[in-house]
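Asker: This is the structure I have questions about; it appears just below.
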Amino acid sequence: METQIRHRLVLIPPPFQGHLTPMLQLATILHSKGFSITVAHAHFNSPDPSNHPNLSFLPLFYGLSDTHISSKNIVDITATLNTKCVSPLKELLVDQIEKANKNHEKIACIIYDGLMYSIDSVARELNLPNIVLRTTSATNLLTYHAFFQRQSSGCFPLKDSMSLELVPELEPLRFKDLPIFNSDIIQQQIAKTLAIRPSLGVIYNTVDCLEEESLYRLQQVYKVSFFPIGPLHMIAEEYSSSSTFVEQDYSCIGWLNNQETKSVLYVSLGSIASWDEKELTEVACGLANSQQNFLWVIRPGTINDVSEWVQSLKEEVKVAIAERGCIVKWAPQGEVLAHQAVGGFWSHCGWNSTLESLCEGVPIMCQPHFGDQRVNARLLSHVWKVGLEWSNVMKGDEIEGAVRRLMVNQEGKEMRQRALKLKNEIGLAVKGGSSYDALNDLVKSILSVNL
Ligand code: UDX
């Protein structure tokens, strides 16, 4: 009797939280569709295999120095990774192909993050079907194209008078929402990631009902198949809990259990953006004066000693933190946003946080810090109308006003209603609509080139 060949996929994430998490979610989804999965990852910021018993993990030593890694300079780390990963990855893939042959398996496809652009040539050289995973919004990718077009016509540096003008093909985005890549190294990286032409297509962690037009326009540019199968965390039925680099503090769930419905503002800036000590103090004053309950993530490394800092605050702020606040180093964000006590999210608008909030019907007080976050914030406030645009001025009274607008005022209530409607639409897309269909198309597409 002929033994059936099993299909193995090799997934290649970069070592950054906002990218590793969706790749692991994708791995879980594709495993549930019958594929065997190997995740080839960097030896630092690596996932814990014990949290993913159905996946195989292969750590790769790309040769980055400890100083390099601890610099946390993402642009620099990405550039070095792309230079150094080619040869070890080629060796790994050749080895995987040989092993697969011996085990009645076939390497059916490699799936890599768009930041790992140099894998494009490796896949081509080894003649392996390949797919790229885009972990930001589809609209964000369009802004990269808009940047390069405008740059060649001398639009940058942007004149003050232009910054609030709408970008004609990207309305309601303004010129100031476009990414400004002001170093050669980052421009080269973005150009390389845009030049990727994967043989089987592109997976987007987005949903048709959120970004239909942007997806359509991207397809006109790339002319390859595209699979908008997001939100990945919802389809994988797995929040980032199993892949976060910092241990999650579940004590805040007990605290949330004691709060009234929709009474808590969740405050978190994701894994990279942060406030300095002066800003933290303004945040504390603003939150205290808003009279709202709050759950606040202050990541390790943001400030030396959080308890000492709290003790240094004004008496009434200290009291407010004790009576109405809960501060943790890292929260189980998925569970937090799904909790009935949470009524709003003060966020930096990273794409994962944006999707997680939309899926739970939680409106956002937007404070983008860099990159795609400005684009996501504009989509939240002006397209889906579930995000509060405010001055972003880090002064206690500005913060207090914005928090009250989101948590108490009619404006915030209307956003919450729209967010719930969007949550339902996303749920439908996942359960049998566009994302469900796109996932089936993806599976068929991988199998069709491996008959
Ligand atoms: C980075 C970029 O900053 C962002 O702009 C881009 O869209 C993705 O890559 P990051 O800053 O980490 O991401 O933000 P985000 O995309 O929101 O991802 C953060 C992840 O960490 C989320 O999945 C969130 O659930 C998780 N998280 C955050 C926790 O689990 N606990 C926390 O306390 C905070």
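In the structure tokens, each chain is lettered A, B, ... as it comes, each chain's residues begin at 1, and ligands are numbered from 1 in order of appearance.
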Please give me, as a PyMOL selection string, the residues lying within 6 Å of ligand 1 when counting only C-alpha atoms and all ligand atoms.
Answerer: chain A and resi 17-19+136+240+268+270-272+297+330-334+350-353+372-373
Asker: Which parts of stretch 11-219 of chain A does DSSP call strand (DSSP E) when run on the backbone here, written out as a PyMOL selection string?
Answerer: chain A and resi 11-12+36-42+56-60+105-113+130-134+201-204
Asker: Excluding A:Ala100 and any residue of its chain fewer than 2 positions from it, enumerate the residues within 12 Å of it, using only C-alpha atoms, and give them as a compact mmCIF listing (two decimals) with N, CA and C atoms, in the first residue's frame.
Answerer:
```txt
# COMPACT_ATOMS: atom_id res chain seq x y z
N ILE A 5 1.98 10.93 1.62
CA ILE A 5 3.00 11.94 1.95
C ILE A 5 2.38 13.01 2.84
N ARG A 6 3.08 13.35 3.95
CA ARG A 6 2.60 14.44 4.81
C ARG A 6 3.25 15.75 4.34
N HIS A 7 2.51 16.82 4.51
CA HIS A 7 3.03 18.12 4.08
C HIS A 7 3.53 18.90 5.28
N ARG A 8 4.78 19.33 5.18
CA ARG A 8 5.36 20.14 6.26
C ARG A 8 5.58 21.57 5.78
N LEU A 9 5.26 22.51 6.65
CA LEU A 9 5.50 23.92 6.33
C LEU A 9 6.61 24.44 7.24
N VAL A 10 7.51 25.24 6.70
CA VAL A 10 8.53 25.86 7.54
C VAL A 10 8.18 27.35 7.66
N SER A 36 2.09 19.57 9.03
CA SER A 36 3.12 19.51 10.07
C SER A 36 3.87 20.84 9.99
N ILE A 37 4.30 21.33 11.16
CA ILE A 37 4.87 22.69 11.17
C ILE A 37 6.24 22.71 11.85
N THR A 38 7.18 23.36 11.18
CA THR A 38 8.46 23.67 11.82
C THR A 38 8.60 25.19 11.87
N LEU A 92 19.64 24.91 6.68
CA LEU A 92 18.53 24.31 7.43
C LEU A 92 17.48 23.75 6.48
N LEU A 93 17.17 24.51 5.44
CA LEU A 93 16.11 24.06 4.54
C LEU A 93 16.55 22.83 3.73
N VAL A 94 17.82 22.84 3.31
CA VAL A 94 18.32 21.67 2.57
C VAL A 94 18.23 20.44 3.48
N ASP A 95 18.63 20.62 4.73
CA ASP A 95 18.58 19.53 5.70
C ASP A 95 17.13 19.07 5.93
N GLN A 96 16.22 20.04 6.02
CA GLN A 96 14.80 19.71 6.23
C GLN A 96 14.23 18.94 5.03
N ILE A 97 14.66 19.34 3.84
CA ILE A 97 14.16 18.66 2.63
C ILE A 97 14.61 17.19 2.66
N GLU A 98 15.90 16.98 3.02
CA GLU A 98 16.42 15.59 3.08
C GLU A 98 15.69 14.78 4.13
N LYS A 102 13.08 11.32 3.81
CA LYS A 102 13.23 10.04 4.52
C LYS A 102 11.99 9.67 5.32
N ASN A 103 11.20 10.70 5.69
CA ASN A 103 10.05 10.47 6.60
C ASN A 103 8.70 10.52 5.90
N HIS A 104 8.69 10.27 4.62
CA HIS A 104 7.43 10.37 3.85
C HIS A 104 6.78 11.73 4.03
N GLU A 105 7.62 12.74 4.04
CA GLU A 105 7.11 14.10 4.15
C GLU A 105 7.62 14.92 2.97
N LYS A 106 7.02 16.09 2.83
CA LYS A 106 7.49 17.00 1.80
C LYS A 106 7.44 18.42 2.37
N ILE A 107 8.48 19.20 2.13
CA ILE A 107 8.40 20.61 2.53
C ILE A 107 7.50 21.29 1.50
N ALA A 108 6.25 21.51 1.90
CA ALA A 108 5.24 21.97 0.94
C ALA A 108 5.36 23.45 0.65
```
Asker: Would you list the contacts of stretch 400-415 of chain A as a short mmCIF file (atom, residue, chain, number, x, y, z; two decimals) with C-alpha atoms, in the first residue's frame, taking every protein, DNA or RNA residue within 7 Å and counting only C-alpha atoms, but skipping same-chain residues closer than 4 positions in sequence?
Answerer:
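The resulting file, part_14.cif, is shown below:
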```cif
data_model
loop_
_atom_site.label_atom_id
_atom_site.label_comp_id
_atom_site.auth_asym_id
_atom_site.auth_seq_id
_atom_site.Cartn_x
_atom_site.Cartn_y
_atom_site.Cartn_z
CA GLY A 286 -4.66 62.47 34.42
CA LEU A 287 -5.95 59.01 35.30
CA ASN A 289 -8.33 63.17 38.10
CA SER A 290 -10.54 61.41 35.54
CA GLY A 343 -14.78 49.74 28.66
CA GLY A 344 -11.87 51.40 26.89
CA PRO A 363 -13.05 51.49 21.72
CA MET A 365 -8.04 56.23 23.00
CA LYS A 385 -14.96 55.56 14.09
CA VAL A 386 -14.17 53.54 17.19
CA LEU A 388 -10.73 58.74 19.98
CA TRP A 390 -7.17 63.71 21.09
CA GLY A 396 -2.58 65.76 33.24
CA ALA A 419 -17.16 48.80 18.21
#
```
Asker: Set the distance at 9 Å and use only C-alpha atoms: which residues neighbour stretch 87-90 of chain A once local chain neighbours fewer than 4 positions away are removed? I'd like the list as an MDAnalysis selection string.
Answerer: chainID A and resid 40 60:62 83 94:95 119 122:123 126
Asker: Rank nothing, just name the residue among A:Gly387, A:Pro231, A:Gly432, A:Gly154 nearest to A:Thr21, using only C-alpha atoms.
Answerer: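 Smallest separation from A:Thr21 among the options: A:Pro231.
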Asker: Which residue out of A:Leu265, A:Val449, A:Val393, A:Leu200 has the minimum interatomic distance to A:Ile364 when only C-alpha atoms are used?
Answerer: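 Ranking A:Leu265, A:Val449, A:Val393, A:Leu200 by distance to A:Ile364, first place goes to A:Leu265.
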Asker: Could you give me, as a PyMOL selection string, the residues within 12 Å of A:Ile298, counting only C-alpha atoms and dropping anything in the same chain fewer than 6 positions from it?
Answerer: chain A and resi 246+249+266-277+280+283-284+304-307+309-310+326-331
Asker: Next, dump the selected residues to file, keeping only N, CA and C atoms, as a PDB file, in the first residue's frame.
Answerer:
```
ATOM      1  N   VAL A 246       7.568  38.430  28.117  1.00  0.00           N
ATOM      2  CA  VAL A 246       7.504  38.786  29.533  1.00  0.00           C
ATOM      3  C   VAL A 246       6.377  37.952  30.164  1.00  0.00           C
ATOM      4  N   ASP A 249       0.938  38.809  34.140  1.00  0.00           N
ATOM      5  CA  ASP A 249       0.497  38.866  35.530  1.00  0.00           C
ATOM      6  C   ASP A 249      -1.029  38.714  35.584  1.00  0.00           C
ATOM      7  N   TYR A 266      -8.161  50.290  30.134  1.00  0.00           N
ATOM      8  CA  TYR A 266      -6.923  49.498  30.077  1.00  0.00           C
ATOM      9  C   TYR A 266      -5.863  50.352  29.373  1.00  0.00           C
ATOM     10  N   VAL A 267      -4.693  50.487  29.977  1.00  0.00           N
ATOM     11  CA  VAL A 267      -3.651  51.375  29.446  1.00  0.00           C
ATOM     12  C   VAL A 267      -2.395  50.557  29.129  1.00  0.00           C
ATOM     13  N   SER A 268      -2.026  50.502  27.856  1.00  0.00           N
ATOM     14  CA  SER A 268      -0.807  49.759  27.506  1.00  0.00           C
ATOM     15  C   SER A 268      -0.268  50.236  26.171  1.00  0.00           C
ATOM     16  N   LEU A 269       1.065  50.324  26.077  1.00  0.00           N
ATOM     17  CA  LEU A 269       1.693  50.799  24.835  1.00  0.00           C
ATOM     18  C   LEU A 269       2.404  49.673  24.085  1.00  0.00           C
ATOM     19  N   GLY A 270       1.999  48.413  24.303  1.00  0.00           N
ATOM     20  CA  GLY A 270       2.612  47.311  23.556  1.00  0.00           C
ATOM     21  C   GLY A 270       4.025  47.020  24.010  1.00  0.00           C
ATOM     22  N   SER A 271       4.831  46.470  23.118  1.00  0.00           N
ATOM     23  CA  SER A 271       6.129  45.947  23.561  1.00  0.00           C
ATOM     24  C   SER A 271       7.312  46.873  23.280  1.00  0.00           C
ATOM     25  N   ILE A 272       7.088  47.997  22.582  1.00  0.00           N
ATOM     26  CA  ILE A 272       8.244  48.849  22.236  1.00  0.00           C
ATOM     27  C   ILE A 272       8.074  50.298  22.720  1.00  0.00           C
ATOM     28  N   ALA A 273       6.944  50.905  22.412  1.00  0.00           N
ATOM     29  CA  ALA A 273       6.735  52.323  22.771  1.00  0.00           C
ATOM     30  C   ALA A 273       6.696  52.481  24.293  1.00  0.00           C
ATOM     31  N   SER A 274       7.098  53.663  24.769  1.00  0.00           N
ATOM     32  CA  SER A 274       7.018  53.882  26.228  1.00  0.00           C
ATOM     33  C   SER A 274       6.941  55.374  26.543  1.00  0.00           C
ATOM     34  N   TRP A 275       6.582  55.679  27.792  1.00  0.00           N
ATOM     35  CA  TRP A 275       6.606  57.046  28.294  1.00  0.00           C
ATOM     36  C   TRP A 275       7.803  57.200  29.211  1.00  0.00           C
ATOM     37  N   ASP A 276       8.387  58.412  29.261  1.00  0.00           N
ATOM     38  CA  ASP A 276       9.471  58.632  30.234  1.00  0.00           C
ATOM     39  C   ASP A 276       8.850  58.973  31.595  1.00  0.00           C
ATOM     40  N   GLU A 277       9.712  59.178  32.587  1.00  0.00           N
ATOM     41  CA  GLU A 277       9.198  59.341  33.947  1.00  0.00           C
ATOM     42  C   GLU A 277       8.264  60.555  34.083  1.00  0.00           C
ATOM     43  N   LEU A 280       5.017  59.633  32.590  1.00  0.00           N
ATOM     44  CA  LEU A 280       4.308  58.676  33.454  1.00  0.00           C
ATOM     45  C   LEU A 280       3.587  59.429  34.575  1.00  0.00           C
ATOM     46  N   VAL A 283       0.541  60.991  33.256  1.00  0.00           N
ATOM     47  CA  VAL A 283      -0.480  59.950  33.038  1.00  0.00           C
ATOM     48  C   VAL A 283      -1.158  59.624  34.366  1.00  0.00           C
ATOM     49  N   ALA A 284      -0.344  59.451  35.406  1.00  0.00           N
ATOM     50  CA  ALA A 284      -0.896  59.111  36.728  1.00  0.00           C
ATOM     51  C   ALA A 284      -1.858  60.206  37.194  1.00  0.00           C
ATOM     52  N   ASN A 304      12.812  52.667  36.919  1.00  0.00           N
ATOM     53  CA  ASN A 304      13.607  51.784  37.793  1.00  0.00           C
ATOM     54  C   ASN A 304      12.779  51.001  38.793  1.00  0.00           C
ATOM     55  N   ASP A 305      12.029  51.719  39.622  1.00  0.00           N
ATOM     56  CA  ASP A 305      11.293  51.059  40.689  1.00  0.00           C
ATOM     57  C   ASP A 305       9.894  51.674  40.753  1.00  0.00           C
ATOM     58  N   VAL A 306       8.912  50.910  40.279  1.00  0.00           N
ATOM     59  CA  VAL A 306       7.558  51.452  40.153  1.00  0.00           C
ATOM     60  C   VAL A 306       7.001  51.841  41.534  1.00  0.00           C
ATOM     61  N   SER A 307       7.209  50.982  42.556  1.00  0.00           N
ATOM     62  CA  SER A 307       6.632  51.287  43.888  1.00  0.00           C
ATOM     63  C   SER A 307       7.224  52.587  44.439  1.00  0.00           C
ATOM     64  N   TRP A 309       8.461  55.049  42.709  1.00  0.00           N
ATOM     65  CA  TRP A 309       7.919  56.167  41.916  1.00  0.00           C
ATOM     66  C   TRP A 309       6.501  56.519  42.392  1.00  0.00           C
ATOM     67  N   VAL A 310       5.660  55.485  42.615  1.00  0.00           N
ATOM     68  CA  VAL A 310       4.291  55.758  43.085  1.00  0.00           C
ATOM     69  C   VAL A 310       4.351  56.531  44.405  1.00  0.00           C
ATOM     70  N   CYS A 326      -4.807  49.565  39.071  1.00  0.00           N
ATOM     71  CA  CYS A 326      -4.046  48.317  39.208  1.00  0.00           C
ATOM     72  C   CYS A 326      -2.893  48.446  38.213  1.00  0.00           C
ATOM     73  N   ILE A 327      -1.658  48.318  38.702  1.00  0.00           N
ATOM     74  CA  ILE A 327      -0.492  48.445  37.812  1.00  0.00           C
ATOM     75  C   ILE A 327       0.187  47.082  37.722  1.00  0.00           C
ATOM     76  N   VAL A 328       0.454  46.635  36.496  1.00  0.00           N
ATOM     77  CA  VAL A 328       1.174  45.362  36.312  1.00  0.00           C
ATOM     78  C   VAL A 328       2.316  45.572  35.319  1.00  0.00           C
ATOM     79  N   LYS A 329       3.250  44.596  35.328  1.00  0.00           N
ATOM     80  CA  LYS A 329       4.390  44.701  34.401  1.00  0.00           C
ATOM     81  C   LYS A 329       3.978  44.281  32.990  1.00  0.00           C
ATOM     82  N   TRP A 330       3.116  43.307  32.905  1.00  0.00           N
ATOM     83  CA  TRP A 330       2.679  42.784  31.603  1.00  0.00           C
ATOM     84  C   TRP A 330       1.365  42.058  31.856  1.00  0.00           C
ATOM     85  N   ALA A 331       0.366  42.373  31.079  1.00  0.00           N
ATOM     86  CA  ALA A 331      -0.968  41.810  31.337  1.00  0.00           C
ATOM     87  C   ALA A 331      -1.297  40.696  30.335  1.00  0.00           C
TER      88      ALA A 331
END
```
Asker: Which one of A:Glu237, A:Glu211, A:Asp120, A:Glu308 sits closest to A:Glu356 if you count only C-alpha atoms?
Answerer: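 Of A:Glu237, A:Glu211, A:Asp120, A:Glu308, the one nearest A:Glu356 is A:Glu237, counting only C-alpha atoms.
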Asker: If we count only C-alpha atoms and set the cut-off at 12 Å, which residues sit around stretch 437-446 of chain A, ignoring sequence neighbours fewer than 2 positions away in its own chain? Please answer as a PyMOL selection string.
Answerer: chain A and resi 7-9+26+29-35+106-111+128-133+199-208+224-232+235-236+428-435+448-451
Asker: Could you please take those selected residues and save C-alpha atoms as a tab-separated table (two decimals), in the first residue's frame?
Answerer:
```tsv
chain	number	residue	atom	x	y	z
A	7	HIS	CA	3.03	18.12	4.08
A	8	ARG	CA	5.36	20.14	6.26
A	9	LEU	CA	5.50	23.92	6.33
A	26	LEU	CA	-0.67	31.17	11.96
A	29	ILE	CA	-4.09	27.48	12.49
A	30	LEU	CA	-2.23	25.65	9.74
A	31	HIS	CA	-1.49	22.72	12.06
A	32	SER	CA	-5.22	22.43	12.69
A	33	LYS	CA	-5.62	22.17	8.90
A	34	GLY	CA	-3.47	19.05	8.81
A	35	PHE	CA	0.01	20.43	8.08
A	106	LYS	CA	7.49	17.00	1.80
A	107	ILE	CA	8.40	20.61	2.53
A	108	ALA	CA	5.24	21.97	0.94
A	109	CYS	CA	5.90	25.66	1.46
A	110	ILE	CA	7.90	28.16	3.44
A	111	ILE	CA	6.11	31.07	5.05
A	128	LEU	CA	10.37	26.00	-2.72
A	129	PRO	CA	6.82	27.35	-2.88
A	130	ASN	CA	6.69	30.40	-0.65
A	131	ILE	CA	4.29	32.78	0.98
A	132	VAL	CA	4.90	36.01	2.84
A	133	LEU	CA	3.04	36.96	6.02
A	199	SER	CA	5.30	32.40	-5.52
A	200	LEU	CA	2.04	31.46	-3.79
A	201	GLY	CA	0.90	34.81	-2.48
A	202	VAL	CA	0.55	36.98	0.59
A	203	ILE	CA	-1.20	36.29	3.90
A	204	TYR	CA	-2.61	39.41	5.55
A	205	ASN	CA	-3.53	39.51	9.21
A	206	THR	CA	-6.58	41.58	8.44
A	207	VAL	CA	-10.26	41.23	7.63
A	208	ASP	CA	-12.09	42.11	4.46
A	224	VAL	CA	-0.27	37.70	-6.66
A	225	SER	CA	-2.90	35.77	-4.70
A	226	PHE	CA	-3.76	37.28	-1.37
A	227	PHE	CA	-5.27	35.68	1.68
A	228	PRO	CA	-6.81	38.08	4.25
A	229	ILE	CA	-7.35	35.42	6.91
A	230	GLY	CA	-7.26	37.55	10.06
A	231	PRO	CA	-7.61	38.26	12.85
A	232	LEU	CA	-5.16	35.42	13.40
A	235	ILE	CA	-8.97	32.05	14.32
A	236	ALA	CA	-6.23	30.37	16.34
A	428	LEU	CA	-19.06	36.59	11.01
A	429	ALA	CA	-16.02	36.89	8.73
A	430	VAL	CA	-14.19	34.33	10.86
A	431	LYS	CA	-17.05	31.90	11.33
A	432	GLY	CA	-18.06	31.41	7.70
A	433	GLY	CA	-17.39	34.64	5.84
A	434	SER	CA	-14.40	36.21	4.12
A	435	SER	CA	-11.60	35.13	6.49
A	448	SER	CA	-2.38	22.35	-5.30
A	449	VAL	CA	1.33	22.91	-5.92
A	450	ASN	CA	2.25	19.80	-3.94
A	451	LEU	CA	0.11	17.15	-5.66
```
